[in-house]
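Below is run-v2.csv, which holds CSV, C-alpha atoms.
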```
chain,number,residue,atom,x,y,z
A,1,MET,CA,-5.7,13.7,0.0
A,2,ARG,CA,-8.1,14.5,-2.8
A,3,ARG,CA,-9.6,11.9,-5.0
A,4,SER,CA,-7.8,13.2,-8.0
A,5,GLU,CA,-4.5,12.8,-6.2
A,6,SER,CA,-5.3,9.2,-5.2
A,7,GLU,CA,-6.2,8.4,-8.8
A,8,THR,CA,-2.9,9.8,-10.0
A,9,ILE,CA,-1.0,7.9,-7.5
A,10,GLU,CA,-2.7,4.6,-8.4
A,11,SER,CA,-2.1,5.1,-12.1
A,12,THR,CA,1.6,5.9,-11.5
A,13,LEU,CA,2.4,3.4,-8.8
A,14,GLU,CA,2.7,0.2,-10.9
A,15,ALA,CA,4.4,1.7,-14.0
A,16,GLU,CA,6.7,4.2,-12.3
A,17,PRO,CA,7.0,3.4,-8.6
A,18,GLN,CA,9.9,5.8,-7.9
A,19,GLU,CA,7.9,8.6,-9.4
A,20,ALA,CA,4.9,7.6,-7.2
A,21,VAL,CA,7.2,7.6,-4.1
A,22,ALA,CA,8.3,11.2,-4.9
A,23,MET,CA,4.7,12.3,-5.5
A,24,ILE,CA,3.5,10.8,-2.2
A,25,GLU,CA,6.4,12.1,-0.2
A,26,ALA,CA,5.7,15.6,-1.5
A,27,LEU,CA,2.1,15.4,-0.3
A,28,ILE,CA,3.3,14.1,3.1
A,29,GLY,CA,5.9,16.9,3.3
A,30,ALA,CA,3.1,19.4,2.6
A,31,GLY,CA,1.4,18.2,5.8
A,32,ASP,CA,-1.2,15.8,4.6
A,33,ARG,CA,-1.9,13.4,7.5
A,34,ASP,CA,-4.2,11.0,5.6
A,35,PRO,CA,-3.1,7.5,6.6
A,36,ASP,CA,-3.9,6.2,3.1
A,37,LEU,CA,-1.0,8.2,1.9
A,38,ARG,CA,1.3,6.1,4.1
A,39,ALA,CA,-0.3,3.0,2.7
A,40,TYR,CA,0.3,4.2,-0.8
A,41,LEU,CA,3.9,5.1,0.2
A,42,ALA,CA,4.5,1.6,1.5
A,43,GLU,CA,3.1,0.0,-1.7
A,44,ALA,CA,5.2,2.3,-3.8
A,45,LEU,CA,8.4,1.7,-1.9
A,46,GLU,CA,7.8,-2.1,-2.1
A,47,ALA,CA,7.3,-1.8,-5.8
A,48,ALA,CA,10.5,0.2,-6.1
A,49,GLY,CA,12.4,-2.6,-4.3
A,50,ASP,CA,12.8,-0.8,-1.0
A,51,ARG,CA,11.5,-3.4,1.5
A,52,GLN,CA,12.8,-1.7,4.6
A,53,GLY,CA,11.3,1.6,3.6
A,54,ALA,CA,8.0,-0.1,3.0
A,55,ILE,CA,8.1,-1.7,6.5
A,56,ALA,CA,8.8,1.7,8.0
A,57,ALA,CA,6.0,3.3,6.0
A,58,TRP,CA,3.5,0.6,7.4
A,59,THR,CA,4.8,1.3,10.9
A,60,THR,CA,4.0,5.0,10.4
A,61,TYR,CA,0.6,4.1,9.0
A,62,MET,CA,-0.2,2.1,12.1
A,63,GLU,CA,0.8,4.9,14.4
A,64,ILE,CA,-1.9,7.0,12.7
A,65,ASP,CA,-4.5,4.3,12.2
A,66,PRO,CA,-3.9,1.1,14.3
A,67,GLN,CA,-7.3,-0.4,13.5
A,68,TRP,CA,-6.8,-1.8,10.0
A,69,PRO,CA,-5.8,-5.5,10.1
A,70,GLY,CA,-4.5,-5.4,6.6
A,71,ALA,CA,-1.6,-3.1,7.6
A,72,TYR,CA,-0.4,-5.7,10.1
A,73,CYS,CA,-0.6,-8.4,7.4
A,74,ARG,CA,1.4,-6.4,4.9
A,75,ARG,CA,4.1,-5.6,7.4
A,76,ALA,CA,4.3,-9.2,8.6
A,77,GLU,CA,4.6,-10.4,5.0
A,78,LEU,CA,7.4,-8.0,4.3
A,79,LEU,CA,9.2,-9.3,7.4
A,80,VAL,CA,8.7,-12.8,6.1
A,81,ASP,CA,10.1,-11.9,2.7
A,82,ALA,CA,13.2,-10.5,4.4
A,83,GLY,CA,13.6,-13.7,6.4
A,84,ARG,CA,12.8,-12.1,9.7
A,85,PHE,CA,10.5,-14.9,10.7
A,86,ASP,CA,10.5,-14.3,14.5
A,87,ALA,CA,9.6,-10.6,14.0
A,88,ALA,CA,6.8,-11.6,11.6
A,89,GLN,CA,5.5,-14.1,14.1
A,90,ALA,CA,5.5,-11.5,16.8
A,91,GLU,CA,3.6,-9.2,14.5
A,92,LEU,CA,0.9,-11.7,13.7
A,93,LEU,CA,0.5,-12.7,17.4
A,94,MET,CA,0.0,-9.1,18.4
A,95,ALA,CA,-2.4,-8.5,15.5
A,96,THR,CA,-4.4,-11.7,16.3
A,97,SER,CA,-4.8,-10.5,19.9
A,98,MET,CA,-6.4,-7.3,18.5
A,99,PHE,CA,-8.4,-8.9,15.6
A,100,ASP,CA,-9.1,-12.5,16.6
A,101,ASP,CA,-11.5,-13.3,13.7
A,102,GLU,CA,-9.6,-11.7,10.8
A,103,PRO,CA,-9.1,-14.2,7.9
A,104,ARG,CA,-6.3,-12.1,6.4
A,105,LEU,CA,-4.2,-12.8,9.5
A,106,VAL,CA,-4.8,-16.5,9.0
A,107,ARG,CA,-3.5,-16.3,5.5
A,108,SER,CA,-0.5,-14.3,6.5
A,109,GLN,CA,0.3,-16.9,9.1
A,110,ALA,CA,-0.1,-19.6,6.4
A,111,ILE,CA,2.5,-17.8,4.3
A,112,LEU,CA,4.9,-17.6,7.2
A,113,ASN,CA,4.4,-21.3,7.9
A,114,GLU,CA,5.0,-22.1,4.3
A,115,LEU,CA,8.3,-20.3,4.1
A,116,ARG,CA,9.4,-21.9,7.3
A,117,GLY,CA,8.8,-25.3,5.8
A,118,ASP,CA,5.6,-26.3,7.5
A,119,HIS,CA,3.7,-26.9,4.3
A,120,GLU,CA,0.9,-29.0,5.8
A,121,GLY,CA,0.2,-26.3,8.3
A,122,ALA,CA,0.3,-23.7,5.6
A,123,ASP,CA,-2.2,-25.5,3.5
A,124,ARG,CA,-4.6,-25.8,6.4
A,125,GLY,CA,-4.2,-22.1,7.0
A,126,TYR,CA,-4.9,-21.2,3.4
A,127,LEU,CA,-8.1,-23.3,3.4
A,128,GLU,CA,-9.3,-21.8,6.7
A,129,ALA,CA,-8.7,-18.3,5.4
A,130,ALA,CA,-10.6,-19.2,2.2
A,131,ASP,CA,-13.5,-20.7,4.2
A,132,ARG,CA,-13.8,-17.4,6.1
A,133,ASP,CA,-13.4,-15.1,3.1
A,134,TYR,CA,-14.0,-16.1,-0.5
A,135,THR,CA,-11.7,-13.3,-1.7
A,136,LEU,CA,-8.7,-15.1,-0.2
A,137,PRO,CA,-8.7,-18.3,-2.3
A,138,ALA,CA,-6.2,-21.0,-1.3
A,139,PRO,CA,-3.4,-21.5,-3.8
A,140,PRO,CA,-3.7,-24.5,-6.1
A,141,ARG,CA,-1.5,-27.6,-5.5
A,142,LEU,CA,-0.5,-28.9,-8.9
A,143,ASP,CA,0.9,-32.3,-9.6
A,144,ARG,CA,4.7,-32.0,-8.9
A,145,ALA,CA,5.9,-34.5,-11.5
A,146,ALA,CA,3.7,-33.0,-14.2
A,147,ALA,CA,4.8,-29.5,-13.2
A,148,SER,CA,8.5,-30.4,-13.3
A,149,ARG,CA,8.2,-31.9,-16.8
A,150,ALA,CA,6.3,-28.9,-18.1
A,151,LEU,CA,8.8,-26.4,-16.6
A,152,LEU,CA,11.7,-28.3,-18.1
A,153,ARG,CA,10.1,-28.1,-21.5
A,154,ALA,CA,9.3,-24.4,-21.1
A,155,ALA,CA,12.8,-23.6,-20.0
A,156,GLY,CA,14.1,-24.6,-23.5
A,157,ARG,CA,16.9,-26.6,-25.0
A,158,GLY,CA,20.1,-26.7,-22.9
A,159,ALA,CA,18.5,-25.4,-19.7
A,160,THR,CA,18.6,-27.2,-16.4
A,161,VAL,CA,15.6,-26.8,-14.1
A,162,VAL,CA,15.7,-27.5,-10.4
A,163,VAL,CA,12.2,-27.5,-8.8
A,164,LYS,CA,11.9,-26.7,-5.0
A,165,GLU,CA,8.9,-25.9,-2.9
A,166,VAL,CA,10.4,-22.6,-1.4
A,167,PRO,CA,13.8,-21.0,-1.2
A,168,ASP,CA,16.2,-22.0,1.5
A,169,SER,CA,17.2,-18.4,2.3
A,170,PRO,CA,16.0,-14.9,1.4
A,171,GLY,CA,19.0,-14.0,-0.8
A,172,GLU,CA,19.0,-10.4,-2.2
A,173,GLU,CA,15.5,-10.6,-3.7
A,174,GLY,CA,13.6,-12.1,-0.7
A,175,PHE,CA,11.9,-15.3,0.1
A,176,PHE,CA,9.0,-14.6,-2.2
A,177,ARG,CA,11.0,-14.8,-5.4
A,178,PRO,CA,9.6,-17.4,-7.8
A,179,VAL,CA,12.8,-18.3,-9.6
A,180,ASP,CA,16.6,-18.0,-9.5
A,181,LEU,CA,18.6,-17.8,-12.7
A,182,ASN,CA,22.1,-19.2,-12.3
A,183,GLU,CA,24.4,-18.0,-15.1
A,184,GLY,CA,21.5,-18.1,-17.5
A,185,VAL,CA,21.5,-22.0,-17.8
A,186,GLU,CA,20.3,-23.4,-14.5
A,187,ILE,CA,16.9,-22.2,-13.4
A,188,THR,CA,15.7,-22.9,-9.8
A,189,VAL,CA,11.9,-22.8,-9.6
A,190,TYR,CA,10.1,-22.3,-6.3
A,191,LEU,CA,6.8,-23.9,-7.0
A,192,ARG,CA,4.8,-22.7,-4.0
A,193,ASN,CA,5.8,-19.1,-4.7
A,194,LEU,CA,4.5,-19.5,-8.2
A,195,GLU,CA,1.3,-21.2,-7.0
A,196,ARG,CA,0.6,-18.3,-4.7
A,197,GLU,CA,0.2,-16.1,-7.7
A,198,LEU,CA,-2.4,-18.4,-9.3
A,199,GLU,CA,-6.1,-18.8,-8.9
A,200,SER,CA,-7.4,-21.9,-7.1
A,201,GLU,CA,-8.5,-23.6,-10.4
A,202,ALA,CA,-5.3,-22.9,-12.2
A,203,THR,CA,-3.7,-25.5,-14.5
A,204,ILE,CA,-0.2,-26.4,-15.5
A,205,ASP,CA,-0.6,-24.0,-18.5
A,206,ASP,CA,-1.3,-21.1,-16.0
A,207,LEU,CA,1.8,-22.1,-14.0
A,208,LEU,CA,3.9,-21.9,-17.2
A,209,GLU,CA,2.6,-18.5,-17.9
A,210,VAL,CA,3.6,-17.0,-14.6
A,211,PHE,CA,6.9,-19.0,-14.8
A,212,GLN,CA,7.8,-17.3,-18.1
A,213,ILE,CA,6.9,-13.9,-16.8
A,214,ALA,CA,9.0,-14.5,-13.7
A,215,CYS,CA,12.0,-15.5,-15.8
A,216,LEU,CA,11.6,-12.3,-17.9
A,217,ARG,CA,11.4,-10.1,-14.8
A,218,ALA,CA,14.5,-11.8,-13.3
A,219,ARG,CA,16.5,-11.2,-16.5
A,220,GLU,CA,15.4,-7.6,-16.9
A,221,GLN,CA,15.6,-6.3,-13.4
A,222,PRO,CA,18.8,-5.7,-11.4
A,223,ALA,CA,19.4,-7.7,-8.3
A,224,GLY,CA,17.6,-6.5,-5.2
A,225,GLN,CA,14.9,-4.7,-7.2
A,226,GLU,CA,12.5,-7.6,-7.9
A,227,THR,CA,9.1,-7.5,-6.1
A,228,TYR,CA,6.8,-10.4,-6.0
A,229,GLY,CA,3.2,-11.0,-5.0
A,230,ARG,CA,2.0,-13.0,-2.1
```

Take the structure in the file and give it back as structure tokens.
Amino acid sequence: MRRSESETIESTLEAEPQEAVAMIEALIGAGDRDPDLRAYLAEALEAAGDRQGAIAAWTTYMEIDPQWPGAYCRRAELLVDAGRFDAAQAELLMATSMFDDEPRLVRSQAILNELRGDHEGADRGYLEAADRDYTLPAPPRLDRAAASRALLRAAGRGATVVVKEVPDSPGEEGFFRPVDLNEGVEITVYLRNLERELESEATIDDLLEVFQIACLRAREQPAGQETYGR
């Protein structure tokens, strides 16, 4: 893969993920074995809402280059998003046996623990990952009562807001979704999923900003097409 091709893929991926998928698949079809193409393909498929395709692309990447811990983290987190917790745990255990001092694996384990409901264990994991690697900051933990009041005000007149830590099930959009809109009136907010998108020093105002963006995305995108960050 030439540098110009990677630059074109990166510029296309966020705005037009389906176009990026077609571009990458054409390069792969032409015989390009660069593992980075498979990583780009996984990212583009995820952005396009094809979680299973993204998991398969990461699997192919690891067959070519099994020595990058980040690939195991990304595949494990996609499995978590799909609600396949046992498969995600097996992935992380295998990766930890290969890369036993990798902070990204600690963070991925924290995400799995969080979605399983072990919030104390998750917070310990986030802090450990942050201690090992400053580029992996722990999510903030905002005051729950203050956050609930602010979210209700932001939702607007007539809206009902239900605040939960994490979803109870993956639904069509996955466990990482930050909000559910129910008939346009009731909004269920998953606070830890929003906090995971914030910097460590974030405030309630920052939370409201990502909440409003999440609501716009949920209204604009068809079911099953949303993609969210970790």

Task: 9 Å contact set for stretch 60-73 of chain A, all atoms listed in the file, chain neighbours under 4 positions out, as a ChimeraX atom specification - done: /A:33-39,42,55-56,77-78,91-92,94-96,98-99,102,104-105,107-109

Open item on the list: One number please: atom CA of A:Ala87 to atom CA of A:Arg75, in Å, one decimal.
Closed with: 9.9 Å

Find the residues near stretch 210-213 of chain A: any atom within 10 Å, counting all atoms listed in the file, skip ones fewer than 3 places away on the same chain, and give them as a JSON list (two decimals) with C-alpha atoms, in the coordinates of the input.
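Done, and the output landed in result32.json:
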```
[["chain", "number", "residue", "atom", "x", "y", "z"],
["A", 151, "LEU", "CA", 8.80, -26.40, -16.60],
["A", 154, "ALA", "CA", 9.30, -24.40, -21.10],
["A", 155, "ALA", "CA", 12.80, -23.60, -20.00],
["A", 178, "PRO", "CA", 9.60, -17.40, -7.80],
["A", 179, "VAL", "CA", 12.80, -18.30, -9.60],
["A", 189, "VAL", "CA", 11.90, -22.80, -9.60],
["A", 190, "TYR", "CA", 10.10, -22.30, -6.30],
["A", 191, "LEU", "CA", 6.80, -23.90, -7.00],
["A", 194, "LEU", "CA", 4.50, -19.50, -8.20],
["A", 195, "GLU", "CA", 1.30, -21.20, -7.00],
["A", 197, "GLU", "CA", 0.20, -16.10, -7.70],
["A", 198, "LEU", "CA", -2.40, -18.40, -9.30],
["A", 205, "ASP", "CA", -0.60, -24.00, -18.50],
["A", 206, "ASP", "CA", -1.30, -21.10, -16.00],
["A", 207, "LEU", "CA", 1.80, -22.10, -14.00],
["A", 216, "LEU", "CA", 11.60, -12.30, -17.90],
["A", 217, "ARG", "CA", 11.40, -10.10, -14.80],
["A", 218, "ALA", "CA", 14.50, -11.80, -13.30],
["A", 219, "ARG", "CA", 16.50, -11.20, -16.50]]
```

Task: Atom-to-atom span, atom CA of A:Asp86 and atom CA of A:Arg74, Å - done: 15.4 Å

Task: Atomic distance atom CA of A:Leu181 - atom CA of A:Glu114, expressed in Å with one decimal - done: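 Atom CA of A:Glu114 lies at a distance of 22.2 Å from atom CA of A:Leu181.
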
TODO: Show which residues sit within 6 Å of A:Thr188, as a list in words. Count only C-alpha atoms, and ignore same-chain residues fewer than 2 positions away.
DONE: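 Skipping anything fewer than 2 positions along the chain leaves Val161, Val162, Val163, Val179 and Asp180 of chain A.
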
Open item on the list: Counting all atoms listed in the file, which residue out of A:Glu183, A:Glu199, A:Glu46, A:Glu5 sits closest to A:Pro139?
Closed with: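 Among A:Glu183, A:Glu199, A:Glu46, A:Glu5, it is A:Glu199 that comes nearest to A:Pro139.
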
- [ ] Could you check which of A:Thr59, A:Gln18, A:Ser200, A:Thr8 is closest to A:Ala138, using all atoms listed in the file?
- [x]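 Closest residue, counting all atoms listed in the file: A:Ser200.
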
Task: Pick from A:Gly29, A:Arg116, A:Arg196, A:Ala130, whichever lies nearest to A:Gly83 using all atoms listed in the file - done: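 Among A:Gly29, A:Arg116, A:Arg196, A:Ala130, it is A:Arg116 that comes nearest to A:Gly83.
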
Task: Nearest candidate to A:Ala44 (options A:Ile28, A:Cys215, A:Val21, A:Leu152; using all atoms listed in the file) - done: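 Of the candidates, the smallest distance to A:Ala44 is held by A:Val21.
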
Task: Residue nearest A:Ser169 among A:Ala48, A:Ser97, A:Ile9, A:Leu115 (counting all atoms listed in the file) - done: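 Using all atoms listed in the file, A:Ser169 sits closest to A:Leu115.
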
TODO: Rank nothing, just name the residue among A:Arg84, A:Glu7, A:Glu16, A:Trp58 nearest to A:Pro170, using all atoms listed in the file.
DONE: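 Once distances to A:Pro170 are computed over all atoms listed in the file, the minimum belongs to A:Arg84.
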
Open item on the list: Set the distance at 12 Å and use only C-alpha atoms: which residues neighbour A:Ser11 once local chain neighbours fewer than 5 positions away are removed? I'd like the list as a ChimeraX atom specification.
Closed with: /A:4-6,16-17,19-20,23,40,44
